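**Student:** Just work.txt, nothing more (compact mmCIF, C-alpha atoms):
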# COMPACT_ATOMS: atom_id res chain seq x y z
CA MET A 1 33.27 10.06 -22.43
CA SER A 2 32.15 9.32 -25.98
CA ASP A 3 33.21 11.54 -28.91
CA ARG A 4 29.70 12.92 -29.27
CA ALA A 5 29.51 13.73 -25.57
CA ALA A 6 32.81 15.59 -25.82
CA GLU A 7 31.55 17.55 -28.81
CA THR A 8 28.32 18.60 -27.13
CA GLY A 9 29.75 19.19 -23.67
CA THR A 10 27.29 16.82 -22.03
CA GLU A 11 28.06 14.08 -19.55
CA PRO A 12 27.50 10.46 -20.73
CA ALA A 13 24.41 9.77 -18.60
CA GLU A 14 22.87 13.11 -19.56
CA GLN A 15 23.57 12.49 -23.23
CA ALA A 16 22.12 8.99 -23.06
CA GLY A 17 18.97 10.35 -21.48
CA GLU A 18 18.59 12.99 -24.17
CA GLU A 19 19.07 10.46 -26.97
CA ALA A 20 16.79 7.84 -25.41
CA ALA A 21 14.01 10.38 -24.92
CA ARG A 22 13.80 10.66 -28.70
CA LEU A 23 13.42 6.91 -29.21
CA SER A 24 10.16 5.02 -29.46
CA PRO A 25 9.81 1.92 -27.23
CA LYS A 26 10.48 -0.28 -30.27
CA GLU A 27 13.58 1.71 -31.22
CA ARG A 28 14.81 1.56 -27.63
CA PHE A 29 14.36 -2.23 -27.58
CA GLU A 30 16.15 -2.68 -30.90
CA ARG A 31 19.05 -0.46 -29.90
CA ARG A 32 19.48 -2.42 -26.67
CA ALA A 33 19.36 -5.70 -28.58
CA VAL A 34 22.01 -4.51 -31.06
CA ALA A 35 24.30 -3.33 -28.26
CA TRP A 36 23.88 -6.60 -26.35
CA LYS A 37 24.61 -8.69 -29.43
CA LYS A 38 27.78 -6.72 -30.18
CA ALA A 39 29.01 -6.80 -26.58
CA GLU A 40 32.08 -8.90 -25.92
CA ARG A 41 31.02 -9.90 -22.40
CA VAL A 42 27.48 -10.60 -21.20
CA LEU A 43 25.86 -12.86 -18.63
CA TRP A 44 23.49 -14.43 -21.16
CA ARG A 45 22.95 -14.38 -24.92
CA PRO A 46 19.27 -14.87 -25.76
CA SER A 47 18.79 -16.82 -28.96
CA TYR A 48 16.05 -14.48 -30.17
CA GLN A 49 18.72 -11.84 -30.78
CA GLN A 50 20.44 -14.02 -33.36
CA THR A 51 19.92 -13.80 -37.10
CA LEU A 52 18.02 -16.42 -39.07
CA ARG A 53 21.30 -17.58 -40.56
CA GLU A 54 22.86 -18.02 -37.13
CA ARG A 55 19.93 -20.00 -35.78
CA LEU A 56 19.80 -22.25 -38.85
CA ALA A 57 23.55 -22.83 -38.62
CA TRP A 58 23.19 -23.74 -34.94
CA LEU A 59 20.39 -26.18 -35.74
CA GLY A 60 22.32 -27.82 -38.56
CA GLU A 61 25.51 -28.21 -36.55
CA ALA A 62 23.84 -29.59 -33.42
CA ALA A 63 21.19 -31.77 -35.07
CA GLU A 64 23.72 -34.27 -36.46
CA GLU A 65 24.71 -35.19 -32.91
CA THR A 66 21.16 -35.40 -31.60
CA TYR A 67 18.87 -37.26 -34.00
CA ASP A 68 19.01 -39.48 -37.07
CA LEU A 69 18.57 -37.01 -39.89
CA ASP A 70 18.11 -39.76 -42.47
CA GLY A 71 14.69 -40.56 -41.04
CA ARG A 72 11.68 -39.06 -42.77
CA VAL A 73 10.16 -35.82 -41.55
CA ASP A 74 7.27 -35.87 -39.10
CA MET A 75 3.67 -35.76 -40.22
CA TYR A 76 0.95 -34.63 -37.83
CA GLY A 77 2.84 -35.54 -34.68
CA ASP A 78 4.58 -38.81 -35.50
CA GLY A 79 8.26 -39.68 -35.89
CA ILE A 80 10.55 -37.19 -34.23
CA VAL A 81 7.63 -35.62 -32.35
CA GLU A 82 6.85 -38.95 -30.72
CA ALA A 83 10.54 -39.37 -29.88
CA LEU A 84 10.54 -36.06 -28.02
CA GLU A 85 7.32 -36.95 -26.20
CA GLU A 86 8.83 -40.24 -25.01
CA ARG A 87 11.98 -38.46 -23.86
CA VAL A 88 10.02 -35.91 -21.84
CA ALA A 89 7.76 -38.51 -20.27
CA GLY A 90 10.83 -40.44 -19.19
CA LEU A 91 12.58 -37.41 -17.73
CA LEU A 92 9.49 -36.42 -15.75
CA GLY A 93 8.57 -39.94 -14.68
CA LYS A 94 5.13 -39.82 -16.33
CA GLU A 95 3.27 -42.38 -18.41
CA ALA A 96 3.06 -40.18 -21.48
CA ALA A 97 3.60 -36.68 -22.85
CA ALA A 98 2.18 -34.57 -25.68
CA PHE A 99 4.02 -31.90 -27.65
CA PHE A 100 2.28 -28.54 -28.19
CA PRO A 101 3.30 -25.52 -30.26
CA THR A 102 2.76 -23.17 -27.28
CA GLY A 103 2.55 -23.34 -23.52
CA THR A 104 -0.61 -21.25 -23.53
CA MET A 105 -2.36 -23.95 -25.53
CA ALA A 106 -0.81 -26.81 -23.56
CA GLN A 107 -1.93 -25.63 -20.15
CA GLN A 108 -5.43 -24.74 -21.25
CA VAL A 109 -5.85 -28.22 -22.71
CA ALA A 110 -4.45 -29.98 -19.65
CA LEU A 111 -6.68 -28.07 -17.24
CA ARG A 112 -9.70 -28.39 -19.50
CA CYS A 113 -9.23 -32.16 -19.48
CA TRP A 114 -8.93 -32.17 -15.69
CA ALA A 115 -12.09 -30.04 -15.40
CA GLY A 116 -13.99 -32.68 -17.34
CA ARG A 117 -12.75 -35.37 -14.97
CA THR A 118 -13.36 -33.48 -11.72
CA GLY A 119 -16.58 -31.79 -12.82
CA ASN A 120 -15.21 -28.47 -11.57
CA PRO A 121 -13.74 -25.86 -13.98
CA THR A 122 -12.33 -23.73 -11.15
CA VAL A 123 -8.51 -23.49 -11.08
CA ALA A 124 -6.82 -22.18 -7.93
CA LEU A 125 -3.58 -20.33 -8.63
CA HIS A 126 -1.35 -17.45 -7.60
CA ALA A 127 -2.30 -13.95 -8.77
CA LEU A 128 1.13 -13.72 -10.45
CA ASN A 129 0.81 -17.01 -12.33
CA HIS A 130 1.63 -16.63 -16.01
CA PRO A 131 -1.95 -17.19 -17.30
CA GLU A 132 -3.26 -14.46 -15.00
CA VAL A 133 -0.66 -11.87 -16.01
CA HIS A 134 0.47 -12.65 -19.55
CA GLU A 135 -2.20 -14.57 -21.47
CA GLN A 136 -5.09 -12.12 -21.98
CA HIS A 137 -7.49 -14.12 -19.76
CA ALA A 138 -7.24 -17.13 -22.06
CA PHE A 139 -8.45 -19.55 -19.38
CA SER A 140 -11.85 -17.92 -19.09
CA GLN A 141 -12.21 -16.44 -22.56
CA VAL A 142 -11.21 -19.53 -24.55
CA SER A 143 -11.44 -22.62 -22.38
CA GLY A 144 -14.30 -22.01 -19.98
CA LEU A 145 -12.04 -22.29 -16.96
CA ARG A 146 -12.52 -20.12 -13.88
CA PRO A 147 -9.28 -18.99 -12.23
CA VAL A 148 -9.40 -18.01 -8.55
CA ARG A 149 -6.49 -16.41 -6.75
CA LEU A 150 -5.07 -17.99 -3.63
CA THR A 151 -2.79 -15.04 -2.83
CA ASP A 152 -1.09 -12.04 -4.41
CA GLU A 153 1.89 -12.06 -2.02
CA PRO A 154 5.29 -12.29 -3.80
CA ARG A 155 5.83 -15.90 -2.67
CA MET A 156 4.39 -19.31 -3.34
CA PRO A 157 0.93 -20.13 -1.90
CA THR A 158 0.99 -21.85 1.49
CA ALA A 159 -0.69 -25.07 2.55
CA GLU A 160 -2.96 -23.06 4.83
CA GLU A 161 -4.10 -20.86 1.93
CA VAL A 162 -4.90 -23.95 -0.13
CA ARG A 163 -6.60 -25.75 2.73
CA ASP A 164 -8.64 -22.75 3.90
CA PHE A 165 -9.72 -21.36 0.52
CA PRO A 166 -13.45 -20.60 0.92
CA GLU A 167 -14.77 -22.34 -2.22
CA PRO A 168 -14.21 -25.62 -4.06
CA PHE A 169 -11.76 -25.91 -6.93
CA GLY A 170 -11.04 -28.80 -9.24
CA ALA A 171 -7.36 -28.13 -9.84
CA LEU A 172 -4.47 -26.43 -8.09
CA MET A 173 -1.96 -24.85 -10.46
CA LEU A 174 1.53 -24.09 -9.14
CA GLU A 175 4.11 -22.17 -11.19
CA LEU A 176 7.59 -23.50 -10.40
CA PRO A 177 9.44 -21.19 -10.17
CA LEU A 178 7.08 -18.23 -9.81
CA ARG A 179 8.68 -15.92 -12.37
CA ASP A 180 6.99 -12.59 -11.64
CA ALA A 181 7.74 -12.87 -7.92
CA GLY A 182 11.46 -13.20 -8.64
CA PHE A 183 11.77 -16.80 -9.88
CA VAL A 184 11.03 -17.99 -6.35
CA LEU A 185 10.45 -21.54 -5.16
CA PRO A 186 9.12 -23.01 -1.94
CA THR A 187 11.19 -25.42 0.11
CA TRP A 188 10.64 -29.09 -0.62
CA GLU A 189 8.74 -29.44 2.63
CA GLU A 190 6.50 -26.47 1.78
CA LEU A 191 5.81 -27.85 -1.68
CA THR A 192 4.84 -31.29 -0.40
CA GLU A 193 2.56 -29.70 2.22
CA VAL A 194 0.80 -27.59 -0.42
CA VAL A 195 0.27 -30.66 -2.60
CA GLU A 196 -1.07 -32.64 0.36
CA ALA A 197 -3.48 -29.78 1.19
CA ALA A 198 -4.84 -29.92 -2.37
CA ARG A 199 -5.25 -33.69 -2.15
CA GLU A 200 -7.23 -33.25 1.07
CA ARG A 201 -9.69 -31.17 -0.98
CA ASP A 202 -9.87 -33.81 -3.72
CA ALA A 203 -8.24 -31.41 -6.18
CA VAL A 204 -5.75 -32.44 -8.86
CA VAL A 205 -2.36 -30.74 -8.92
CA HIS A 206 -0.88 -29.30 -12.11
CA PHE A 207 2.63 -27.83 -12.25
CA ASP A 208 3.22 -24.85 -14.53
CA GLY A 209 6.81 -25.96 -15.00
CA ALA A 210 7.91 -23.76 -17.88
CA ARG A 211 11.20 -23.45 -16.00
CA LEU A 212 11.00 -26.68 -14.01
CA TRP A 213 14.23 -27.89 -15.61
CA GLU A 214 16.38 -25.65 -13.39
CA CYS A 215 14.61 -26.39 -10.09
CA THR A 216 16.59 -29.52 -9.19
CA PRO A 217 19.46 -27.74 -7.35
CA HIS A 218 17.07 -25.83 -5.08
CA PHE A 219 15.00 -28.88 -4.19
CA GLY A 220 17.95 -31.26 -4.13
CA ARG A 221 15.90 -33.87 -5.98
CA PRO A 222 15.75 -35.22 -9.55
CA LEU A 223 13.19 -34.07 -12.07
CA ASP A 224 11.05 -37.19 -11.88
CA GLU A 225 10.70 -36.91 -8.10
CA ILE A 226 9.68 -33.25 -8.34
CA ALA A 227 7.23 -33.91 -11.17
CA GLY A 228 5.96 -36.95 -9.31
CA LEU A 229 4.19 -34.69 -6.81
CA ALA A 230 1.83 -33.45 -9.54
CA ASP A 231 -0.87 -35.15 -11.56
CA SER A 232 0.28 -33.30 -14.69
CA VAL A 233 3.22 -31.09 -15.62
CA TYR A 234 3.80 -28.51 -18.34
CA VAL A 235 7.35 -27.76 -19.51
CA SER A 236 8.74 -25.31 -22.04
CA PHE A 237 11.53 -25.96 -24.54
CA TYR A 238 12.75 -22.40 -25.12
CA LYS A 239 12.78 -20.55 -21.80
CA SER A 240 15.78 -22.41 -20.40
CA LEU A 241 16.70 -24.93 -23.09
CA ASP A 242 17.29 -22.44 -25.93
CA GLY A 243 14.86 -24.13 -28.32
CA PHE A 244 12.89 -22.44 -31.07
CA GLY A 245 9.66 -22.75 -29.04
CA GLY A 246 7.20 -25.45 -28.13
CA ALA A 247 5.99 -27.10 -24.95
CA ALA A 248 4.76 -30.40 -23.58
CA ILE A 249 2.37 -31.67 -20.97
CA ALA A 250 3.06 -34.95 -19.20
CA GLY A 251 0.82 -37.10 -17.06
CA PRO A 252 -1.37 -40.21 -17.14
CA ARG A 253 -1.71 -41.78 -20.56
CA THR A 254 -5.49 -41.37 -20.59
CA LEU A 255 -5.12 -37.64 -19.93
CA VAL A 256 -2.46 -37.26 -22.62
CA ASP A 257 -4.54 -39.16 -25.17
CA GLU A 258 -7.45 -36.82 -24.55
CA ALA A 259 -5.13 -33.83 -24.63
CA LYS A 260 -3.99 -34.79 -28.11
CA THR A 261 -7.61 -34.72 -29.27
CA TRP A 262 -8.03 -31.24 -27.84
CA ARG A 263 -4.68 -30.22 -29.34
CA HIS A 264 -6.20 -30.87 -32.75
CA ARG A 265 -9.35 -28.92 -31.87
CA TYR A 266 -7.28 -25.94 -30.66
CA GLY A 267 -5.33 -25.83 -33.92
CA GLY A 268 -2.15 -27.42 -32.63
CA MET A 269 -2.06 -30.35 -35.06
CA ILE A 270 0.65 -29.00 -37.36
CA ILE A 271 1.77 -31.09 -40.32
CA GLN A 272 5.53 -30.68 -39.73
CA GLN A 273 7.22 -29.47 -36.56
CA PHE A 274 10.66 -31.01 -36.89
CA PRO A 275 12.71 -27.77 -36.67
CA THR A 276 11.15 -26.85 -33.32
CA VAL A 277 11.24 -30.43 -32.07
CA LEU A 278 14.87 -30.85 -33.13
CA SER A 279 15.79 -27.69 -31.24
CA ALA A 280 14.01 -29.07 -28.16
CA LEU A 281 15.95 -32.33 -28.33
CA ILE A 282 19.17 -30.35 -28.71
CA GLY A 283 18.26 -28.31 -25.64
CA LEU A 284 17.63 -31.46 -23.61
CA GLU A 285 20.97 -32.83 -24.76
CA ARG A 286 23.10 -29.70 -24.37
CA GLU A 287 21.50 -27.22 -21.99
CA LEU A 288 19.67 -29.41 -19.49
CA PRO A 289 22.89 -30.92 -18.05
CA ARG A 290 24.41 -27.44 -17.66
CA LEU A 291 21.54 -25.83 -15.77
CA PRO A 292 22.83 -26.81 -12.28
CA GLU A 293 26.11 -25.08 -13.13
CA TYR A 294 24.21 -21.96 -14.21
CA VAL A 295 22.24 -21.98 -10.95
CA ALA A 296 25.39 -22.30 -8.86
CA HIS A 297 27.10 -19.43 -10.67
CA ALA A 298 23.99 -17.25 -10.51
CA ARG A 299 24.47 -17.28 -6.74
CA VAL A 300 28.03 -16.01 -7.18
CA VAL A 301 26.83 -13.28 -9.53
CA ALA A 302 23.96 -12.27 -7.23
CA THR A 303 26.27 -11.95 -4.21
CA ALA A 304 28.75 -9.85 -6.19
CA LEU A 305 25.93 -7.65 -7.50
CA ARG A 306 24.57 -7.08 -4.03
CA GLU A 307 28.01 -6.27 -2.61
CA GLY A 308 28.91 -4.08 -5.58
CA LEU A 309 25.72 -2.03 -5.30
CA ALA A 310 26.30 -1.60 -1.57
CA ASP A 311 29.90 -0.48 -2.16
CA ALA A 312 28.64 2.03 -4.73
CA GLY A 313 26.61 3.70 -1.99
CA LEU A 314 23.20 3.57 -3.62
CA PRO A 315 20.57 4.63 -1.08
CA TRP A 316 18.45 1.51 -1.68
CA ALA A 317 19.10 -1.55 -3.79
CA ARG A 318 17.94 -5.14 -3.68
CA VAL A 319 18.86 -8.44 -5.29
CA HIS A 320 15.88 -10.76 -4.98
CA PRO A 321 16.08 -13.47 -3.84
CA GLU A 322 19.38 -12.73 -2.12
CA VAL A 323 20.34 -16.33 -2.85
CA PRO A 324 18.72 -17.13 -6.23
CA HIS A 325 16.55 -20.22 -6.37
CA THR A 326 17.33 -20.74 -10.06
CA HIS A 327 19.73 -19.14 -12.56
CA GLN A 328 17.44 -16.10 -12.81
CA PHE A 329 16.62 -13.39 -10.29
CA GLN A 330 15.52 -9.77 -9.95
CA VAL A 331 17.44 -6.56 -9.25
CA TRP A 332 15.60 -3.56 -7.77
CA LEU A 333 17.04 -0.03 -7.87
CA PRO A 334 15.74 3.42 -6.80
CA TYR A 335 15.44 5.05 -10.24
CA ASP A 336 12.84 5.33 -12.97
CA PRO A 337 12.95 2.59 -15.63
CA ASP A 338 14.13 4.84 -18.47
CA VAL A 339 17.01 6.19 -16.39
CA LEU A 340 18.26 2.70 -15.61
CA GLY A 341 17.68 1.49 -19.15
CA ASP A 342 19.67 4.41 -20.56
CA ALA A 343 22.58 3.76 -18.19
CA ALA A 344 22.64 0.06 -19.03
CA LEU A 345 22.52 0.80 -22.74
CA LEU A 346 25.33 3.34 -22.52
CA GLN A 347 27.51 0.95 -20.53
CA THR A 348 27.03 -1.83 -23.07
CA GLU A 349 27.69 0.40 -26.06
CA GLU A 350 30.74 2.13 -24.60
CA THR A 351 32.46 -0.70 -22.74
CA GLY A 352 31.39 -3.81 -24.65
CA THR A 353 30.26 -5.33 -21.36
CA GLY A 354 26.57 -5.96 -20.74
CA LEU A 355 25.39 -6.25 -17.15
CA PHE A 356 21.66 -5.64 -17.53
CA GLY A 357 20.31 -6.77 -20.87
CA GLN A 358 16.60 -6.87 -20.09
CA GLY A 359 14.30 -3.86 -19.88
CA TRP A 360 13.43 -2.22 -16.57
CA ALA A 361 9.86 -2.15 -15.24
CA PRO A 362 8.33 0.14 -12.60
CA GLY A 363 8.16 -1.50 -9.20
CA GLY A 364 6.66 1.39 -7.24
CA PRO A 365 7.25 5.14 -6.88
CA GLY A 366 10.87 5.77 -7.76
CA LEU A 367 11.66 2.04 -7.93
CA SER A 368 12.32 -0.23 -10.89
CA LEU A 369 13.22 -3.86 -11.39
CA THR A 370 14.86 -5.99 -14.04
CA GLU A 371 15.55 -9.67 -14.49
CA VAL A 372 19.06 -11.11 -14.61
CA THR A 373 19.81 -14.45 -16.28
CA VAL A 374 23.11 -16.28 -15.86
CA ALA A 375 23.84 -18.87 -18.56
CA GLY A 376 26.86 -20.13 -20.50
CA PRO A 377 28.52 -16.75 -21.20
CA GLY A 378 28.12 -15.76 -17.54
CA LEU A 379 30.27 -18.64 -16.33
CA GLU A 380 33.32 -16.67 -17.46
CA TRP A 381 32.57 -13.85 -15.01
CA THR A 382 34.30 -13.78 -11.64
CA ALA A 383 32.87 -11.94 -8.64
CA ASP A 384 35.41 -9.16 -9.26
CA ASP A 385 34.27 -8.89 -12.88
CA VAL A 386 30.69 -8.40 -11.71
CA LYS A 387 31.70 -5.73 -9.18
CA ALA A 388 33.71 -3.87 -11.82
CA ALA A 389 30.70 -3.92 -14.15
CA VAL A 390 28.50 -2.61 -11.32
CA ARG A 391 30.88 0.32 -10.78
CA ALA A 392 30.82 1.13 -14.49
CA PHE A 393 27.02 0.99 -14.51
CA VAL A 394 26.54 3.17 -11.42
CA LYS A 395 28.87 5.83 -12.84
CA ARG A 396 26.41 6.26 -15.68
CA LEU A 397 23.45 6.95 -13.39
CA PRO A 398 22.57 10.65 -13.06
CA ALA A 399 23.47 10.97 -9.38
CA HIS A 400 26.91 9.50 -10.03
CA SER A 401 27.82 10.97 -13.41
Go through the file and emit its structure as C-alpha cells.

**Tutor:**
Amino acid sequence: MSDRAAETGTEPAEQAGEEAARLSPKERFERRAVAWKKAERVLWRPSYQQTLRERLAWLGEAAEETYDLDGRVDMYGDGIVEALEERVAGLLGKEAAAFFPTGTMAQQVALRCWAGRTGNPTVALHALNHPEVHEQHAFSQVSGLRPVRLTDEPRMPTAEEVRDFPEPFGALMLELPLRDAGFVLPTWEELTEVVEAARERDAVVHFDGARLWECTPHFGRPLDEIAGLADSVYVSFYKSLDGFGGAAIAGPRTLVDEAKTWRHRYGGMIIQQFPTVLSALIGLERELPRLPEYVAHARVVATALREGLADAGLPWARVHPEVPHTHQFQVWLPYDPDVLGDAALLQTEETGTGLFGQGWAPGGPGLSLTEVTVAGPGLEWTADDVKAAVRAFVKRLPAHS
C-alpha cells in the first residue's frame, strides 16, 4: 500500500479510482505515459514517449551506421528519399516505390490512381479497415472514392464474400493484419483465394500493409512473395519500425510515377524529409530483422497472460487471438475501461513494472479491451514474469483488492 493510501485508510485500487476520477482524459493519458516511461520493466517502449533530445540522440547515433551523412540533403524527393524508395521496392519485389509523409495520403493516392485505370472509384474493404474507422471519411470526402463494406465480422473477408458481393468494385483493399479485429491475418491459402476472387471480378488488389513487415512468420513466406499477391502495397515506417513517421506505396512503375504527381497535388512534396527518411532506413536496418523474434515471443507472452488470468479466477477473460498472428494482440477483461486503466496505472507506478501500457476501450456492456505489443524490452520477460505481473495487476482490481 502506498504512503498516501495508508494515510487516508483507503485500499490501493479504491484510491486509484478516486484520484483518476479527478483527471481529465488528457491528464490520465499523460500520467500513464510518465509512469510507463519511468518503469523499469515493460513489454514495449513506444518512441513517442521519448523526449526530443532522446529521439535526436537516437537518430544521430544510428544514422552513422545507416547512410552516408556526407551526402547533401534531399530536395523535393531526391537523394536519400530515392534511396529509401529503391530499398522498399526491392524488399517488396515491386518495380518502384514512392515515399509519402502519411499513410492516409499514400493510400488515397494509390487507390485514386487505380480508379482512373479501372474506371470504377468503388473500393471494397472490411468495415474495420483503417480508412473506415480512423480517417474521417477521407476516401469519399477528399478523393472521390466510394468505399463499400464486404463484412463487419472480426476476421478477414472471405473469398465467397468477395466473389458474391452484389455490385462491381474497381479495387479490393485488404488490411494485413486487420488491427481493429485483433491484428488478425488469414491463412496463406485464404489470402490467395481472396486475391483470386478479386481477379475473377477484374478488380485490382491493394494491400493496406501498415504492419506488413511482421506478417512473414504467420504466412511462412518472405515479404516479396506476400506483396507479390497484390497490385500495390502500402507500408508504414513508424508502426513497427520505430521511425519518425512516413509511408510508401509500391507497385508498377507507371502507377508510382502517377502517384508522385498526385503526391505533389495533395501537398506531399516537401522540400526536405531527411530526418524522417533516415529514421525509416534505420528501422529497416535495425527493427525489421528483429520482428520475427518479437512475434515468437508475443506468443509466449500471450500464453502466459491467458494462463495467469485463468489462475487469478477472473470470471471472464480473453487473449485474442489466443496464438497471436503478429507481435501485437488484444486482451479483453470484464471491467469498465477506467477501472482497468486505473489498476494498470497503479501497478506501473507502484511496482515499476508495466503490463498494460495502452488505454482500455469499451468492448460491450461490462467488457473492455486493450492492445498489447511485445518488442525489444519484452524479450527479457519469461512466462513466469508475465504471470507474476498478472497477479500484481489483478490484485489492484476492485473485486480483488

**Student:** When distances are computed from only C-alpha atoms, which of A:Leu223, A:Val233, A:Phe169, A:Phe356 shows the smallest separation from Ala198 in chain A?

**Tutor:**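 That would be A:Phe169, the residue with the smallest distance to Ala198 in chain A.
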
**Student:** Could you please determine the separation between CA of Thr51 in chain A and CA of Pro101 in chain A in Å, to one decimal place?

**Tutor:** 21.5 Å

**Student:** Point out the residue among A:Ala181, A:Ala89, A:Ile270, A:Ala388 with the least atom-to-atom distance to Gly354 in chain A, counting all atoms listed in the file.

**Tutor:** A:Ala388

**Student:** For Leu355 in chain A, list every protein, DNA or RNA residue within 10 Å, evaluated using only C-alpha atoms, and leave out those in the same chain fewer than 6 positions away; present the list as a PDB file with C-alpha atoms, in the frame of the given file.

**Tutor:**
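Output contents, as saved in part22.pdb:
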ATOM      1  CA  TRP A  36      23.880  -6.600 -26.350  1.00  0.00           C
ATOM      2  CA  ARG A  41      31.020  -9.900 -22.400  1.00  0.00           C
ATOM      3  CA  VAL A  42      27.480 -10.600 -21.200  1.00  0.00           C
ATOM      4  CA  LEU A  43      25.860 -12.860 -18.630  1.00  0.00           C
ATOM      5  CA  TRP A  44      23.490 -14.430 -21.160  1.00  0.00           C
ATOM      6  CA  LEU A 305      25.930  -7.650  -7.500  1.00  0.00           C
ATOM      7  CA  ALA A 344      22.640   0.060 -19.030  1.00  0.00           C
ATOM      8  CA  LEU A 345      22.520   0.800 -22.740  1.00  0.00           C
ATOM      9  CA  GLN A 347      27.510   0.950 -20.530  1.00  0.00           C
ATOM     10  CA  THR A 348      27.030  -1.830 -23.070  1.00  0.00           C
ATOM     11  CA  VAL A 372      19.060 -11.110 -14.610  1.00  0.00           C
ATOM     12  CA  THR A 373      19.810 -14.450 -16.280  1.00  0.00           C
ATOM     13  CA  GLY A 378      28.120 -15.760 -17.540  1.00  0.00           C
ATOM     14  CA  VAL A 386      30.690  -8.400 -11.710  1.00  0.00           C
ATOM     15  CA  ALA A 389      30.700  -3.920 -14.150  1.00  0.00           C
ATOM     16  CA  VAL A 390      28.500  -2.610 -11.320  1.00  0.00           C
ATOM     17  CA  ALA A 392      30.820   1.130 -14.490  1.00  0.00           C
ATOM     18  CA  PHE A 393      27.020   0.990 -14.510  1.00  0.00           C
TER      19      PHE A 393
END

**Student:** How many Å separate CA of Leu309 in chain A from CA of His327 in chain A?

**Tutor:**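 Those two atoms sit 19.5 Å apart.
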
**Student:** Using all atoms listed in the file, which of A:Glu225, A:Tyr335, A:Arg163, A:Trp213 sits nearest Ala317 in chain A?

**Tutor:**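 Going through A:Glu225, A:Tyr335, A:Arg163, A:Trp213 one by one, the smallest distance to Ala317 in chain A is for A:Tyr335.
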
**Student:** Residues of range 168-275 of chain A that approach range 66-78 of chain A to 9 Å or less, counting only C-alpha atoms: could you list each one with the shortest pair of atoms and its distance in Å to one decimal, rows by chain and increasing residue number, as a tab-separated table?

**Tutor:**
residue	atom	partner	partner_atom	distance
A:Met269	CA	A:Tyr76	CA	5.9
A:Ile270	CA	A:Tyr76	CA	5.7
A:Ile271	CA	A:Tyr76	CA	4.4
A:Gln272	CA	A:Met75	CA	5.4
A:Gln273	CA	A:Asp74	CA	6.9
A:Phe274	CA	A:Asp74	CA	6.3

**Student:** So the first atom is CA of Ala203 in chain A and the second is CA of Pro121 in chain A; what is the distance between them in Å, to one decimal place?

**Tutor:**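 So the two atoms, CA of Ala203 in chain A and CA of Pro121 in chain A, lie 11.0 Å apart.
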
**Student:** Rank A:Ala296, A:Ala230, A:Ala399, A:Cys215 by their smallest atom-to-atom distance to Gly313 in chain A, using all atoms listed in the file, and report the top residue only.

**Tutor:** A:Ala399

**Student:** Can you pull out the residues contacting Tyr294 in chain A? Cut-off 10 Å, using only C-alpha atoms, and skip same-chain residues under 5 positions away; I want them as an mmCIF file with C-alpha atoms, in the frame of the given file.

**Tutor:**
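The new file result-v8.cif reads:
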data_model
loop_
_atom_site.group_PDB
_atom_site.id
_atom_site.type_symbol
_atom_site.label_atom_id
_atom_site.label_comp_id
_atom_site.auth_asym_id
_atom_site.auth_seq_id
_atom_site.Cartn_x
_atom_site.Cartn_y
_atom_site.Cartn_z
ATOM 1 C CA GLU A 214 16.380 -25.650 -13.390
ATOM 2 C CA GLU A 287 21.500 -27.220 -21.990
ATOM 3 C CA PRO A 289 22.890 -30.920 -18.050
ATOM 4 C CA ARG A 299 24.470 -17.280 -6.740
ATOM 5 C CA VAL A 300 28.030 -16.010 -7.180
ATOM 6 C CA THR A 326 17.330 -20.740 -10.060
ATOM 7 C CA HIS A 327 19.730 -19.140 -12.560
ATOM 8 C CA GLN A 328 17.440 -16.100 -12.810
ATOM 9 C CA THR A 373 19.810 -14.450 -16.280
ATOM 10 C CA VAL A 374 23.110 -16.280 -15.860
ATOM 11 C CA ALA A 375 23.840 -18.870 -18.560
ATOM 12 C CA GLY A 376 26.860 -20.130 -20.500
ATOM 13 C CA PRO A 377 28.520 -16.750 -21.200
ATOM 14 C CA GLY A 378 28.120 -15.760 -17.540
ATOM 15 C CA LEU A 379 30.270 -18.640 -16.330
#

**Student:** Within 9 Å of Glu86 in chain A, counting only C-alpha atoms, which residues qualify if same-chain residues fewer than 5 places away don't, as an MDAnalysis selection string?

**Tutor:** chainID A and resid 81 91 95:98

**Student:** Closest to Leu369 in chain A among A:Asp180, A:Asp311, A:Asp164, A:Pro217, using only C-alpha atoms?

**Tutor:**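 So, comparing all the options, the nearest one is A:Asp180.
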
**Student:** Identify, on the basis of all atoms listed in the file, every residue whose closest approach to Glu189 in chain A does not exceed 12 Å; exclude the query and any residue fewer than 3 positions from it along the same chain; express the result as an mmCIF file with C-alpha atoms, in the coordinates of the input.

**Tutor:**
data_model
loop_
_atom_site.group_PDB
_atom_site.id
_atom_site.type_symbol
_atom_site.label_atom_id
_atom_site.label_comp_id
_atom_site.auth_asym_id
_atom_site.auth_seq_id
_atom_site.Cartn_x
_atom_site.Cartn_y
_atom_site.Cartn_z
ATOM 1 C CA THR A 158 0.990 -21.850 1.490
ATOM 2 C CA ALA A 159 -0.690 -25.070 2.550
ATOM 3 C CA LEU A 185 10.450 -21.540 -5.160
ATOM 4 C CA PRO A 186 9.120 -23.010 -1.940
ATOM 5 C CA THR A 192 4.840 -31.290 -0.400
ATOM 6 C CA GLU A 193 2.560 -29.700 2.220
ATOM 7 C CA VAL A 194 0.800 -27.590 -0.420
ATOM 8 C CA VAL A 195 0.270 -30.660 -2.600
ATOM 9 C CA GLU A 196 -1.070 -32.640 0.360
ATOM 10 C CA HIS A 218 17.070 -25.830 -5.080
ATOM 11 C CA PHE A 219 15.000 -28.880 -4.190
ATOM 12 C CA GLY A 220 17.950 -31.260 -4.130
ATOM 13 C CA ILE A 226 9.680 -33.250 -8.340
ATOM 14 C CA LEU A 229 4.190 -34.690 -6.810
#

**Student:** Starting from the point (13.8, -15.3, -4.6), work out which residues of protein, DNA or RNA have an atom no more than 6 Å away when counting all atoms listed in the file; state them as an MDAnalysis selection string.

**Tutor:** chainID A and resid 182:184 320:321 324:325

**Student:** Nearest residue to Leu84 in chain A out of A:Pro154, A:Gly359, A:Gly246, A:Gly364, using only C-alpha atoms?

**Tutor:** A:Gly246

**Student:** Pick out the residues sitting within 12 Å of range 104-106 of chain A, and hand them over as a ChimeraX atom specification; count only C-alpha atoms, and ignore anything fewer than 5 positions along from it in its own chain.

**Tutor:** /A:97-99,111-113,130-132,134-139,142-143,206-210,232-236,245-250,256,259-269
